[in-house]
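Engineer: Pasting input_34.cif below, which is mmCIF, C-alpha atoms.
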data_run
#
loop_
_atom_site.label_atom_id
_atom_site.label_comp_id
_atom_site.auth_asym_id
_atom_site.auth_seq_id
_atom_site.Cartn_x
_atom_site.Cartn_y
_atom_site.Cartn_z
CA MET A 1 154.97 90.68 109.16
CA THR A 2 154.83 87.85 111.64
CA ILE A 3 152.51 84.86 111.41
CA ALA A 4 150.37 86.38 114.20
CA LEU A 5 149.80 89.51 112.16
CA TRP A 6 148.86 87.45 109.09
CA LEU A 7 146.42 85.44 111.17
CA THR A 8 144.95 88.69 112.55
CA CYS A 9 144.50 90.02 108.99
CA ALA A 10 142.76 86.77 108.03
CA GLY A 11 140.50 87.20 111.04
CA ILE A 12 139.62 90.74 109.92
CA VAL A 13 138.66 89.45 106.47
CA LEU A 14 136.54 86.71 108.06
CA LEU A 15 134.80 89.25 110.31
CA LEU A 16 134.07 91.51 107.34
CA ALA A 17 132.57 88.52 105.54
CA MET A 18 130.37 87.87 108.56
CA SER A 19 129.33 91.54 108.54
CA PHE A 20 128.51 91.12 104.83
CA PHE A 21 126.27 88.22 105.79
CA PHE A 22 124.49 90.07 108.59
CA SER A 23 123.86 93.25 106.56
CA GLY A 24 122.62 91.38 103.49
CA SER A 25 120.41 89.12 105.61
CA GLU A 26 118.77 92.06 107.37
CA THR A 27 117.91 93.75 104.07
CA ALA A 28 116.78 90.57 102.31
CA LEU A 29 114.56 89.31 105.12
CA THR A 30 112.83 92.68 105.52
CA ALA A 31 112.46 93.28 101.75
CA ALA A 32 111.40 89.76 100.72
CA SER A 33 107.86 89.46 99.37
CA ARG A 34 105.60 88.14 102.12
CA ALA A 35 103.06 86.99 99.55
CA ARG A 36 105.65 85.01 97.57
CA MET A 37 107.10 83.43 100.72
CA HIS A 38 103.60 82.43 101.80
CA GLN A 39 102.90 80.80 98.44
CA LEU A 40 106.22 78.93 98.49
CA ALA A 41 105.60 77.79 102.06
CA ARG A 42 102.15 76.47 101.07
CA ALA A 43 103.85 74.59 98.25
CA GLY A 44 106.11 72.85 100.78
CA ASP A 45 109.30 74.96 100.60
CA LYS A 46 110.94 74.56 104.03
CA ARG A 47 113.19 77.60 103.61
CA ALA A 48 110.19 79.75 102.77
CA GLU A 49 108.58 78.50 106.00
CA LEU A 50 111.71 79.64 107.84
CA VAL A 51 111.52 83.08 106.22
CA GLU A 52 107.85 83.37 107.24
CA SER A 53 108.69 82.30 110.78
CA LEU A 54 111.53 84.83 111.03
CA SER A 55 109.32 87.60 109.64
CA THR A 56 106.74 87.04 112.38
CA GLU A 57 109.48 87.56 115.02
CA LYS A 58 110.77 90.85 113.62
CA GLU A 59 112.02 92.27 116.92
CA ARG A 60 114.10 89.17 117.72
CA LEU A 61 115.30 88.94 114.11
CA ILE A 62 116.47 92.55 113.83
CA GLY A 63 117.89 92.51 117.34
CA ALA A 64 119.97 89.38 116.71
CA ILE A 65 121.26 90.60 113.33
CA LEU A 66 122.17 94.06 114.65
CA LEU A 67 123.87 92.53 117.66
CA GLY A 68 125.92 90.15 115.52
CA ASN A 69 126.74 92.88 112.99
CA ASN A 70 127.94 95.34 115.62
CA VAL A 71 130.03 92.71 117.42
CA VAL A 72 131.90 91.64 114.26
CA ASN A 73 132.37 95.24 113.05
CA ILE A 74 133.74 96.43 116.37
CA LEU A 75 135.98 93.36 116.69
CA ALA A 76 137.26 93.81 113.11
CA SER A 77 138.04 97.47 113.77
CA THR A 78 139.86 96.60 117.01
CA LEU A 79 141.98 93.94 115.29
CA ALA A 80 142.75 96.30 112.39
CA ALA A 81 143.87 98.97 114.85
CA SER A 82 146.16 96.49 116.63
CA VAL A 83 147.77 95.41 113.32
CA LEU A 84 148.34 98.95 112.03
CA ILE A 85 149.64 100.19 115.39
CA ALA A 86 152.16 97.34 115.32
CA LEU A 87 153.23 98.40 111.82
CA PHE A 88 153.06 102.22 111.99
CA GLY A 89 152.92 103.09 115.64
CA GLN A 90 150.34 105.52 117.02
CA SER A 91 149.55 106.84 113.53
CA GLY A 92 148.14 103.37 112.81
CA ILE A 93 144.98 104.41 114.69
CA ALA A 94 144.19 106.98 111.99
CA TYR A 95 145.00 104.47 109.25
CA ALA A 96 142.77 101.87 110.92
CA THR A 97 139.90 104.35 111.23
CA LEU A 98 140.06 105.35 107.57
CA GLY A 99 140.67 101.85 106.25
CA MET A 100 138.00 100.09 108.29
CA THR A 101 135.44 102.84 107.62
CA ALA A 102 135.94 102.34 103.86
CA ALA A 103 135.96 98.54 104.16
CA VAL A 104 132.83 98.38 106.32
CA VAL A 105 130.88 100.87 104.21
CA ILE A 106 131.76 99.20 100.90
CA PHE A 107 132.00 95.49 101.70
CA SER A 108 129.80 95.20 104.78
CA GLU A 109 127.02 97.69 104.07
CA VAL A 110 126.53 99.00 100.53
CA LEU A 111 127.58 95.87 98.58
CA PRO A 112 125.57 93.26 100.55
CA LYS A 113 122.49 95.46 100.83
CA THR A 114 122.59 96.24 97.10
CA LEU A 115 122.82 92.54 96.27
CA ALA A 116 120.01 91.77 98.70
CA LEU A 117 117.75 94.40 97.13
CA MET A 118 118.49 93.04 93.66
CA ARG A 119 117.29 89.54 94.62
CA PRO A 120 115.54 89.82 98.01
CA ASP A 121 113.52 86.59 97.76
CA GLY A 122 116.43 84.40 96.66
CA PHE A 123 118.82 86.01 99.16
CA ALA A 124 116.32 85.53 101.99
CA LEU A 125 115.77 81.86 101.12
CA ALA A 126 119.54 81.28 101.02
CA VAL A 127 120.37 82.84 104.40
CA ALA A 128 117.25 81.82 106.35
CA PRO A 129 118.69 78.59 107.90
CA ALA A 130 121.85 80.32 109.15
CA VAL A 131 119.94 83.36 110.42
CA ARG A 132 117.59 81.06 112.33
CA VAL A 133 120.59 79.63 114.20
CA VAL A 134 121.89 83.14 114.96
CA VAL A 135 118.50 84.24 116.28
CA PHE A 136 118.34 81.15 118.51
CA LEU A 137 121.86 81.63 119.89
CA PHE A 138 121.44 85.35 120.54
CA ALA A 139 117.91 85.03 121.94
CA PRO A 140 118.83 85.56 125.63
CA VAL A 141 120.93 88.65 124.86
CA THR A 142 118.33 90.00 122.44
CA LEU A 143 115.56 89.63 125.04
CA ALA A 144 117.69 91.37 127.65
CA VAL A 145 118.48 94.26 125.28
CA GLN A 146 114.83 94.59 124.33
CA GLY A 147 113.87 94.66 128.01
CA ILE A 148 116.34 97.49 128.66
CA VAL A 149 115.05 99.44 125.64
CA ASN A 150 111.42 99.03 126.77
CA ALA A 151 112.34 100.19 130.27
CA ILE A 152 114.04 103.31 128.90
CA LEU A 153 111.00 104.06 126.69
CA ARG A 154 108.66 103.69 129.68
CA LEU A 155 110.70 106.32 131.52
CA PHE A 156 109.63 108.76 128.79
CA GLY A 157 106.01 107.58 128.86
CA LEU A 158 106.25 105.55 125.66
CA ASP A 159 104.86 102.05 125.16
CA ALA A 160 106.82 99.92 122.70
CA SER A 161 103.93 97.47 122.37
CA ASN A 162 101.62 100.21 121.08
CA VAL A 163 102.83 100.19 117.48
CA SER A 164 100.37 101.25 114.79
CA ALA A 165 100.46 98.94 111.79
CA ILE A 166 99.06 99.65 108.34
CA SER A 167 96.09 97.48 107.43
CA GLY A 168 96.35 94.89 104.68
CA ARG A 169 93.83 96.76 102.50
CA ASP A 170 95.74 100.03 102.82
CA GLU A 171 99.00 98.26 102.04
CA ILE A 172 97.54 96.74 98.87
CA ARG A 173 96.00 100.08 97.85
CA GLY A 174 99.32 101.85 98.40
CA THR A 175 101.13 99.21 96.36
CA LEU A 176 98.64 99.62 93.50
CA ASN A 177 99.07 103.40 93.47
CA LEU A 178 102.85 103.07 93.56
CA LEU A 179 102.93 100.54 90.71
CA HIS A 180 100.54 102.71 88.71
CA SER A 181 102.77 105.76 89.16
CA GLU A 182 105.73 103.67 87.96
CA GLY A 183 103.80 102.50 84.90
CA GLU A 184 103.65 98.82 85.88
CA VAL A 185 99.87 98.75 86.47
CA VAL A 186 97.48 100.43 84.03
CA LYS A 187 94.77 102.74 85.37
CA GLY A 188 91.93 100.33 84.53
CA ASP A 189 93.48 97.51 86.55
CA ARG A 190 94.28 99.83 89.45
CA ASP A 191 90.69 101.15 89.51
CA MET A 192 89.23 97.65 89.33
CA LEU A 193 91.34 96.27 92.18
CA GLY A 194 90.83 99.46 94.17
CA GLY A 195 87.07 99.15 93.65
CA ILE A 196 87.12 95.72 95.28
CA LEU A 197 89.00 97.13 98.27
CA ASP A 198 86.57 100.06 98.55
CA LEU A 199 83.45 97.89 98.79
CA SER A 200 83.89 97.41 102.52
CA ASP A 201 83.82 101.21 103.04
CA LEU A 202 80.61 101.83 101.07
CA ALA A 203 76.92 101.75 101.95
CA VAL A 204 74.14 101.25 99.40
CA SER A 205 73.37 104.98 99.65
CA ASP A 206 76.77 105.60 98.01
CA VAL A 207 76.01 103.50 94.92
CA MET A 208 72.22 103.67 94.54
CA VAL A 209 70.21 105.45 91.86
CA HIS A 210 68.45 108.38 93.54
CA ARG A 211 64.65 108.46 93.39
CA THR A 212 64.75 111.59 91.19
CA GLN A 213 66.51 109.52 88.51
CA MET A 214 64.43 106.35 88.91
CA THR A 215 62.24 105.03 86.12
CA ALA A 216 58.91 103.88 87.59
CA LEU A 217 55.50 103.12 86.10
CA ASP A 218 52.00 103.90 87.38
CA ALA A 219 50.32 100.57 88.12
CA ASP A 220 46.86 102.15 87.58
CA GLN A 221 47.38 103.15 83.96
CA PRO A 222 45.87 100.91 81.21
CA ILE A 223 47.62 97.61 80.66
CA GLU A 224 48.34 98.52 77.03
CA ALA A 225 50.23 101.63 78.14
CA LEU A 226 52.13 99.63 80.75
CA VAL A 227 53.21 96.99 78.23
CA ASP A 228 54.31 99.67 75.75
CA ALA A 229 56.27 101.48 78.47
CA VAL A 230 58.01 98.28 79.57
CA LEU A 231 59.00 97.43 75.99
CA ALA A 232 60.19 101.00 75.33
CA SER A 233 62.30 101.12 78.51
CA ALA A 234 66.04 100.46 78.51
CA TYR A 235 65.64 98.59 81.81
CA THR A 236 64.64 94.98 82.45
CA ARG A 237 63.24 95.51 85.95
CA ILE A 238 60.96 98.49 86.63
CA PRO A 239 59.25 99.53 89.90
CA LEU A 240 55.48 100.04 89.93
CA TYR A 241 53.86 102.75 92.03
CA ARG A 242 50.28 103.58 92.87
CA GLY A 243 49.19 107.11 93.69
CA GLU A 244 52.42 108.79 94.83
CA SER A 245 55.56 108.06 92.81
CA ASP A 246 57.42 106.88 95.91
CA ASP A 247 54.66 104.46 96.96
CA ILE A 248 56.15 101.36 95.33
CA VAL A 249 53.75 98.42 95.21
CA GLY A 250 55.62 95.97 93.02
CA MET A 251 58.45 95.22 90.60
CA VAL A 252 57.76 94.17 87.03
CA HIS A 253 60.22 92.22 84.87
CA ALA A 254 60.15 92.69 81.09
CA LYS A 255 60.44 88.94 80.52
CA ASP A 256 57.38 88.31 82.73
CA VAL A 257 55.43 90.89 80.70
CA LEU A 258 56.38 89.20 77.43
CA ARG A 259 55.38 85.80 78.83
CA ALA A 260 51.98 87.23 79.88
CA VAL A 261 51.42 88.80 76.46
CA ALA A 262 52.32 85.53 74.74
CA ALA A 263 50.04 83.51 77.05
CA ALA A 264 47.15 85.92 76.39
CA LYS A 265 47.84 85.69 72.63
CA GLY A 266 47.94 89.46 72.44
CA ASP A 267 44.63 90.04 74.26
CA MET A 268 45.67 92.73 76.75
CA SER A 269 42.36 92.53 78.62
CA GLN A 270 43.40 89.13 79.98
CA ILE A 271 46.58 90.47 81.56
CA SER A 272 46.64 91.53 85.22
CA ILE A 273 49.63 93.65 86.25
CA GLU A 274 49.20 92.50 89.88
CA GLN A 275 49.81 88.89 88.82
CA ILE A 276 52.87 89.83 86.79
CA ALA A 277 54.50 92.05 89.39
CA SER A 278 56.64 90.64 92.17
CA LYS A 279 56.81 91.88 95.75
CA PRO A 280 59.24 94.79 96.18
CA TRP A 281 62.30 94.29 98.38
CA PHE A 282 63.10 97.19 100.71
CA ILE A 283 66.46 97.70 102.41
CA PRO A 284 67.87 100.49 104.64
CA GLN A 285 70.25 102.97 103.04
CA SER A 286 72.91 102.18 105.67
CA THR A 287 73.29 98.58 104.44
CA PRO A 288 76.98 97.88 103.62
CA VAL A 289 77.58 97.21 99.94
CA GLN A 290 79.36 93.94 100.68
CA THR A 291 76.36 92.76 102.72
CA GLN A 292 73.97 93.75 99.93
CA LEU A 293 76.09 91.97 97.32
CA ALA A 294 75.91 88.77 99.35
CA ALA A 295 72.13 89.25 99.75
CA PHE A 296 71.67 89.69 95.99
CA LEU A 297 73.56 86.45 95.35
CA LYS A 298 71.65 84.56 98.04
CA ARG A 299 68.16 85.74 97.02
CA HIS A 300 68.81 85.53 93.27
CA THR A 301 67.34 89.03 93.02
CA HIS A 302 69.04 91.90 91.21
CA MET A 303 67.18 94.96 92.48
CA ALA A 304 66.23 96.41 95.87
CA LEU A 305 64.53 99.64 96.92
CA VAL A 306 66.41 101.84 99.40
CA LEU A 307 64.66 103.53 102.35
CA ASP A 308 65.97 106.16 104.73
CA GLU A 309 65.65 105.98 108.52
CA TYR A 310 62.07 107.34 108.31
CA GLY A 311 60.96 104.69 105.81
CA VAL A 312 60.91 107.18 102.91
CA LEU A 313 62.04 105.96 99.50
CA GLU A 314 65.56 107.20 98.71
CA GLY A 315 66.26 105.28 95.51
CA LEU A 316 67.07 101.83 94.21
CA VAL A 317 70.20 99.71 93.97
CA THR A 318 70.91 96.88 91.57
CA LEU A 319 73.52 94.18 91.29
CA GLU A 320 74.87 96.05 88.27
CA ASP A 321 75.38 99.20 90.38
CA ILE A 322 77.62 97.25 92.74
CA ILE A 323 79.54 95.53 89.95
CA GLU A 324 80.11 98.93 88.29
CA GLU A 325 81.92 100.02 91.45
CA ILE A 326 84.51 97.41 90.53
CA VAL A 327 84.65 97.31 86.73
CA GLY A 328 83.40 100.80 85.86
CA ASP A 329 80.45 101.84 83.71
CA ILE A 330 78.60 98.96 82.03
CA SER A 331 76.61 99.74 78.87
CA ASP A 332 74.80 97.48 76.43
CA GLU A 333 72.94 97.83 73.15
CA HIS A 334 69.67 98.64 74.95
CA ASP A 335 70.99 101.47 77.11
CA GLU A 336 69.59 104.90 76.41
CA PRO A 337 71.82 106.89 74.02
CA ASP A 338 74.09 109.40 75.67
CA ASP A 339 75.61 112.25 73.69
CA GLU A 340 78.03 113.03 76.48
CA ALA A 341 81.29 111.29 77.20
CA LEU A 342 81.70 108.43 79.63
CA TYR A 343 80.12 109.20 83.03
CA GLY A 344 78.50 112.34 81.55
CA ILE A 345 81.78 114.27 81.42
CA GLU A 346 82.76 116.50 78.51
CA LYS A 347 86.31 117.83 78.35
CA GLN A 348 86.58 121.33 76.89
CA PRO A 349 89.44 122.74 74.76
CA ASP A 350 90.40 125.13 77.59
CA GLY A 351 90.99 122.18 79.97
CA SER A 352 87.75 122.55 81.91
CA TYR A 353 85.04 119.91 82.17
CA ILE A 354 81.27 120.21 81.73
CA VAL A 355 79.57 117.58 83.85
CA ASP A 356 76.12 116.39 84.80
CA ALA A 357 75.85 117.62 88.39
CA SER A 358 74.15 114.39 89.48
CA ILE A 359 77.33 112.39 88.76
CA PRO A 360 78.57 110.60 91.90
CA ILE A 361 81.86 112.00 93.14
CA ARG A 362 83.34 108.50 93.13
CA ASP A 363 82.67 108.21 89.39
CA ILE A 364 84.26 111.53 88.50
CA ASN A 365 87.30 110.71 90.66
CA ARG A 366 87.68 107.39 88.87
CA ALA A 367 87.21 108.86 85.40
CA LEU A 368 89.58 111.82 85.81
CA ASP A 369 91.93 110.45 88.49
CA TRP A 370 90.96 113.24 90.90
CA ASP A 371 90.59 113.10 94.66
CA LEU A 372 87.44 115.09 95.42
CA PRO A 373 86.18 114.25 98.94
CA ASP A 374 82.87 112.40 99.21
CA THR A 375 82.42 112.39 102.97
CA HIS A 376 79.85 115.24 103.07
CA ALA A 377 78.42 115.08 99.53
CA ASN A 378 77.74 112.23 97.13
CA THR A 379 77.44 114.24 93.91
CA VAL A 380 79.03 117.23 92.19
CA ALA A 381 75.85 119.20 92.90
CA GLY A 382 76.34 118.45 96.60
CA ILE A 383 79.87 119.91 96.54
CA VAL A 384 78.59 123.09 94.86
CA ILE A 385 75.66 123.55 97.27
CA ILE A 386 77.83 122.97 100.35
CA ALA A 387 80.44 125.44 99.09
CA ALA A 388 77.85 128.06 98.06
CA ARG A 389 75.65 127.52 101.15
CA ILE A 390 72.65 128.16 98.92
CA ILE A 391 71.04 126.54 95.89
CA PRO A 392 72.90 128.64 93.31
CA ASP A 393 71.52 130.05 90.08
CA PRO A 394 73.23 129.62 86.69
CA GLY A 395 76.40 131.70 86.53
CA HIS A 396 77.21 131.31 90.21
CA GLU A 397 80.85 130.36 90.80
CA VAL A 398 82.45 128.77 93.85
CA SER A 399 85.89 127.36 94.64
CA ALA A 400 86.44 124.20 96.63
CA HIS A 401 89.05 121.44 96.98
CA GLY A 402 91.39 122.98 94.39
CA PHE A 403 88.71 123.46 91.69
CA ASP A 404 86.44 126.24 90.47
CA PHE A 405 82.79 125.23 89.95
CA VAL A 406 80.55 127.28 87.66
CA VAL A 407 76.82 126.49 87.65
CA LEU A 408 75.60 126.25 84.04
CA ALA A 409 72.03 125.02 84.48
CA ARG A 410 69.45 124.46 87.19
CA ASP A 411 66.33 122.28 87.03
CA ARG A 412 63.84 123.72 89.54
CA GLN A 413 65.65 123.40 92.88
CA ARG A 414 68.34 121.08 91.54
CA VAL A 415 71.74 122.05 90.11
CA SER A 416 71.84 120.07 86.88
CA LYS A 417 74.99 121.06 84.97
CA VAL A 418 78.34 122.41 86.18
CA ARG A 419 81.61 123.47 84.61
CA ILE A 420 84.64 122.34 86.63
CA VAL A 421 87.89 124.24 86.15
CA PRO A 422 90.98 122.70 87.77
CA GLN A 423 93.11 125.32 89.47
CA PRO A 424 96.75 125.67 88.31
CA ASP A 425 98.23 123.41 90.98
CA GLN A 426 95.72 120.68 90.02
CA ASN A 427 96.78 120.96 86.37
CA ALA A 428 100.38 120.60 87.41
CA GLN A 429 99.59 117.43 89.35
CA GLY A 430 97.62 115.99 86.43
#
As structure tokens, please, write out the structure in this file.

Structural biologist:
Amino acid sequence: MTIALWLTCAGIVLLLAMSFFFSGSETALTAASRARMHQLARAGDKRAELVESLSTEKERLIGAILLGNNVVNILASTLAASVLIALFGQSGIAYATLGMTAAVVIFSEVLPKTLALMRPDGFALAVAPAVRVVVFLFAPVTLAVQGIVNAILRLFGLDASNVSAISGRDEIRGTLNLLHSEGEVVKGDRDMLGGILDLSDLAVSDVMVHRTQMTALDADQPIEALVDAVLASAYTRIPLYRGESDDIVGMVHAKDVLRAVAAAKGDMSQISIEQIASKPWFIPQSTPVQTQLAAFLKRHTHMALVLDEYGVLEGLVTLEDIIEEIVGDISDEHDEPDDEALYGIEKQPDGSYIVDASIPIRDINRALDWDLPDTHANTVAGIVIIAARIIPDPGHEVSAHGFDFVVLARDRQRVSKVRIVPQPDQNAQG
């Protein structure tokens, strides 16, 4: 071989090395953790700032890298063909095709991209300064190519600027679900972080205690009975009504009652429930949960009464109800005893579940890792009634959303207990 051929071979090796650089850089810069780069940049890391800057110019970055990669690969293949033709004649074209295909796939594609995926952050930080230079040098060509591509897309009625991007909340939620499926995030942590993300999608009507489950006291009953009822209750704050049960006239706090009893030295006749009770706070049921959480913190009040659009009492919501959307069920030593399992769900030996039909769908999804829809119904009873199109009697069975629902008990016009049987495909997923 002549010196020219040796120099050409050296040029091929150099071009393959450049292709290695371009391929690895593309993978590393697109796979690098944006959150980690942001933290490093805030800490003063200049290379991390470069990576962030390159990531915000994705079209120019990818365009420049692809342009450089294609140029060096095509040039390397051309030089290889010229060398092998000089050595073997026309059959050298076949040798060049086979040899360069293997070399490019192994050394310029698979190897650099594998290394970049193994250490994307470190690889990205290492190549960022050089890639920045490449992007700057190729900027005019990249812009011209992008203009041609956009023009071609417009011929087919497509707009390259109209690109749908996943929201940050959905990206975090997807990451949590992926890490949970891979065993890196436990279910409790996933549910807690997911609960924080879900707050912006909820209204107080989704988390409130319905009026049929509210504990309220008649303000007109004797003070002795009121004090006994407050002390016997598992709740610290209790609404007071007068006449109709949904005509709330005040809120009484157990600590205020104890203070009044102590001040009266046990003489109940000296206690006035009107002086103890505080003014009730009414809010519309459409209030966003995040807004209500901020209002609770600002007003230093932990309970509000929820009204519908006609001003009719729908229920009540507490600070604890909102916190439970994040951390799950909160119980203390004064809560009423519950013979059923957490959330009122009892798993049966046959794989079915007996549940309190008033359980919110969000709670049963969280407890059992199901995905029952809650857009048209807030409770299990709601799902059953919508599917049956009537208020079913005990023994009635309906199927919906991949489950069989069997009504076990009914309290007047309310479905109170249901057996849920996952259908075979649901068992397979679980």

Engineer: Report as a list in words the full result of the PyMOL selection byres ((chain A and resi 401) around 9) when it is applied to this structure.

Structural biologist: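 Checked against the file, the PyMOL selection byres ((chain A and resi 401) around 9) matches Asp371, Leu372, Pro373, Ser399, Ala400, Gly402, Phe403 and Asp404 of chain A.
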
Engineer: Find the distance between atom CA of His396 of chain A and atom CA of Val421 of chain A and write it in Å to one decimal.

Structural biologist: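 Value for the atom CA of His396 of chain A-atom CA of Val421 of chain A distance: 13.4 Å.
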
Engineer: One number please: atom CA of Leu313 of chain A to atom CA of Ser286 of chain A, in Å, one decimal.

Structural biologist: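 So the answer is 13.1 Å.
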
Engineer: Name the residues captured by the PyMOL selection byres ((chain A and resi 25) around 12) when it is applied to the shown file; answer as an NGL selection string.

Structural biologist: :A and (18-24 or 26-32 or 51 or 54-55 or 61-62 or 64-66 or 68-69 or 108-109 or 112-117 or 119-132 or 134-135)

Engineer: Can you spell out as an mmCIF file with C-alpha atoms, in the frame of the given file the set of residues that the PyMOL selection byres ((chain A and resi 173) around 12) selects in the structure I just provided?

Structural biologist:
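Output (part.cif):
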data_model
loop_
_atom_site.group_PDB
_atom_site.id
_atom_site.type_symbol
_atom_site.label_atom_id
_atom_site.label_comp_id
_atom_site.auth_asym_id
_atom_site.auth_seq_id
_atom_site.Cartn_x
_atom_site.Cartn_y
_atom_site.Cartn_z
ATOM 1 C CA ILE A 166 99.060 99.650 108.340
ATOM 2 C CA SER A 167 96.090 97.480 107.430
ATOM 3 C CA GLY A 168 96.350 94.890 104.680
ATOM 4 C CA ARG A 169 93.830 96.760 102.500
ATOM 5 C CA ASP A 170 95.740 100.030 102.820
ATOM 6 C CA GLU A 171 99.000 98.260 102.040
ATOM 7 C CA ILE A 172 97.540 96.740 98.870
ATOM 8 C CA GLY A 174 99.320 101.850 98.400
ATOM 9 C CA THR A 175 101.130 99.210 96.360
ATOM 10 C CA LEU A 176 98.640 99.620 93.500
ATOM 11 C CA ASN A 177 99.070 103.400 93.470
ATOM 12 C CA LEU A 178 102.850 103.070 93.560
ATOM 13 C CA LEU A 179 102.930 100.540 90.710
ATOM 14 C CA HIS A 180 100.540 102.710 88.710
ATOM 15 C CA ASP A 189 93.480 97.510 86.550
ATOM 16 C CA ARG A 190 94.280 99.830 89.450
ATOM 17 C CA ASP A 191 90.690 101.150 89.510
ATOM 18 C CA MET A 192 89.230 97.650 89.330
ATOM 19 C CA LEU A 193 91.340 96.270 92.180
ATOM 20 C CA GLY A 194 90.830 99.460 94.170
ATOM 21 C CA GLY A 195 87.070 99.150 93.650
ATOM 22 C CA ILE A 196 87.120 95.720 95.280
ATOM 23 C CA LEU A 197 89.000 97.130 98.270
ATOM 24 C CA ASP A 198 86.570 100.060 98.550
#

Engineer: Might you pull out every residue within 9 Å of Ile330 of chain A, with all atoms listed in the file counted and same-chain residues fewer than 6 positions away left off, and present them as a PDB file with C-alpha atoms, in the frame of the given file?

Structural biologist:
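For reference, selection-v4.pdb as written:
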ATOM      1  CA  GLU A 320      74.870  96.050  88.270  1.00  0.00           C
ATOM      2  CA  ASP A 321      75.380  99.200  90.380  1.00  0.00           C
ATOM      3  CA  ILE A 323      79.540  95.530  89.950  1.00  0.00           C
ATOM      4  CA  GLU A 324      80.110  98.930  88.290  1.00  0.00           C
TER       5      GLU A 324
END

Engineer: Take atom CA of Thr318 of chain A and atom CA of Met303 of chain A and report the distance between them in Å, one decimal.

Structural biologist: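 Those two atoms sit 4.3 Å apart.
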
Engineer: Could you pull out every residue with an atom within 12 Å of (75.0, 91.1, 100.2), file coordinates, counting all atoms listed in the file, and send them as a PDB file with C-alpha atoms, keeping the file's coordinate frame?

Structural biologist:
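This went into out-v7.pdb:
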ATOM      1  CA  LEU A 199      83.450  97.890  98.790  1.00  0.00           C
ATOM      2  CA  SER A 200      83.890  97.410 102.520  1.00  0.00           C
ATOM      3  CA  ALA A 203      76.920 101.750 101.950  1.00  0.00           C
ATOM      4  CA  VAL A 204      74.140 101.250  99.400  1.00  0.00           C
ATOM      5  CA  ILE A 283      66.460  97.700 102.410  1.00  0.00           C
ATOM      6  CA  THR A 287      73.290  98.580 104.440  1.00  0.00           C
ATOM      7  CA  PRO A 288      76.980  97.880 103.620  1.00  0.00           C
ATOM      8  CA  VAL A 289      77.580  97.210  99.940  1.00  0.00           C
ATOM      9  CA  GLN A 290      79.360  93.940 100.680  1.00  0.00           C
ATOM     10  CA  THR A 291      76.360  92.760 102.720  1.00  0.00           C
ATOM     11  CA  GLN A 292      73.970  93.750  99.930  1.00  0.00           C
ATOM     12  CA  LEU A 293      76.090  91.970  97.320  1.00  0.00           C
ATOM     13  CA  ALA A 294      75.910  88.770  99.350  1.00  0.00           C
ATOM     14  CA  ALA A 295      72.130  89.250  99.750  1.00  0.00           C
ATOM     15  CA  PHE A 296      71.670  89.690  95.990  1.00  0.00           C
ATOM     16  CA  LEU A 297      73.560  86.450  95.350  1.00  0.00           C
ATOM     17  CA  LYS A 298      71.650  84.560  98.040  1.00  0.00           C
ATOM     18  CA  ARG A 299      68.160  85.740  97.020  1.00  0.00           C
ATOM     19  CA  HIS A 300      68.810  85.530  93.270  1.00  0.00           C
ATOM     20  CA  THR A 301      67.340  89.030  93.020  1.00  0.00           C
ATOM     21  CA  HIS A 302      69.040  91.900  91.210  1.00  0.00           C
ATOM     22  CA  MET A 303      67.180  94.960  92.480  1.00  0.00           C
ATOM     23  CA  ALA A 304      66.230  96.410  95.870  1.00  0.00           C
ATOM     24  CA  VAL A 317      70.200  99.710  93.970  1.00  0.00           C
ATOM     25  CA  THR A 318      70.910  96.880  91.570  1.00  0.00           C
ATOM     26  CA  LEU A 319      73.520  94.180  91.290  1.00  0.00           C
ATOM     27  CA  ILE A 322      77.620  97.250  92.740  1.00  0.00           C
TER      28      ILE A 322
END

Engineer: Please return as a ChimeraX atom specification every residue within 12 Å of (113.8, 95.4, 124.8), taking into account only C-alpha atoms and the file's own coordinates.

Structural biologist: /A:59-60,62-64,139-154,159-161

Engineer: Given the choices A:Ala41, A:Val83, A:Ala48, A:Leu408, which gets closest to Ala10 of chain A if the distance is worked out from only C-alpha atoms?

Structural biologist: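 Closest residue, counting only C-alpha atoms: A:Val83.
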
Engineer: Each side padded by 8 Å, which centre and which edge lengths in Å (one decimal) define the axis-aligned box around the listed atoms of segment 287-293 of chain A? Give them as lines of an AutoDock Vina configuration file.

Structural biologist:
center_x = 76.3
center_y = 95.3
center_z = 100.9
size_x = 22.1
size_y = 22.6
size_z = 23.1

Engineer: For segment 356-366 of chain A, please output as a ChimeraX atom specification all residues within 6 Å (counting all atoms listed in the file; exclusion window: fewer than 2 positions along the same chain).

Structural biologist: /A:344,368-371,378-381,416-418

Engineer: Measuring between only C-alpha atoms, which one of A:Met37, A:Ala377, A:Val104, A:Val13 shows the shortest distance to Leu50 of chain A?

Structural biologist: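 Result for the nearest residue to Leu50 of chain A: A:Met37.
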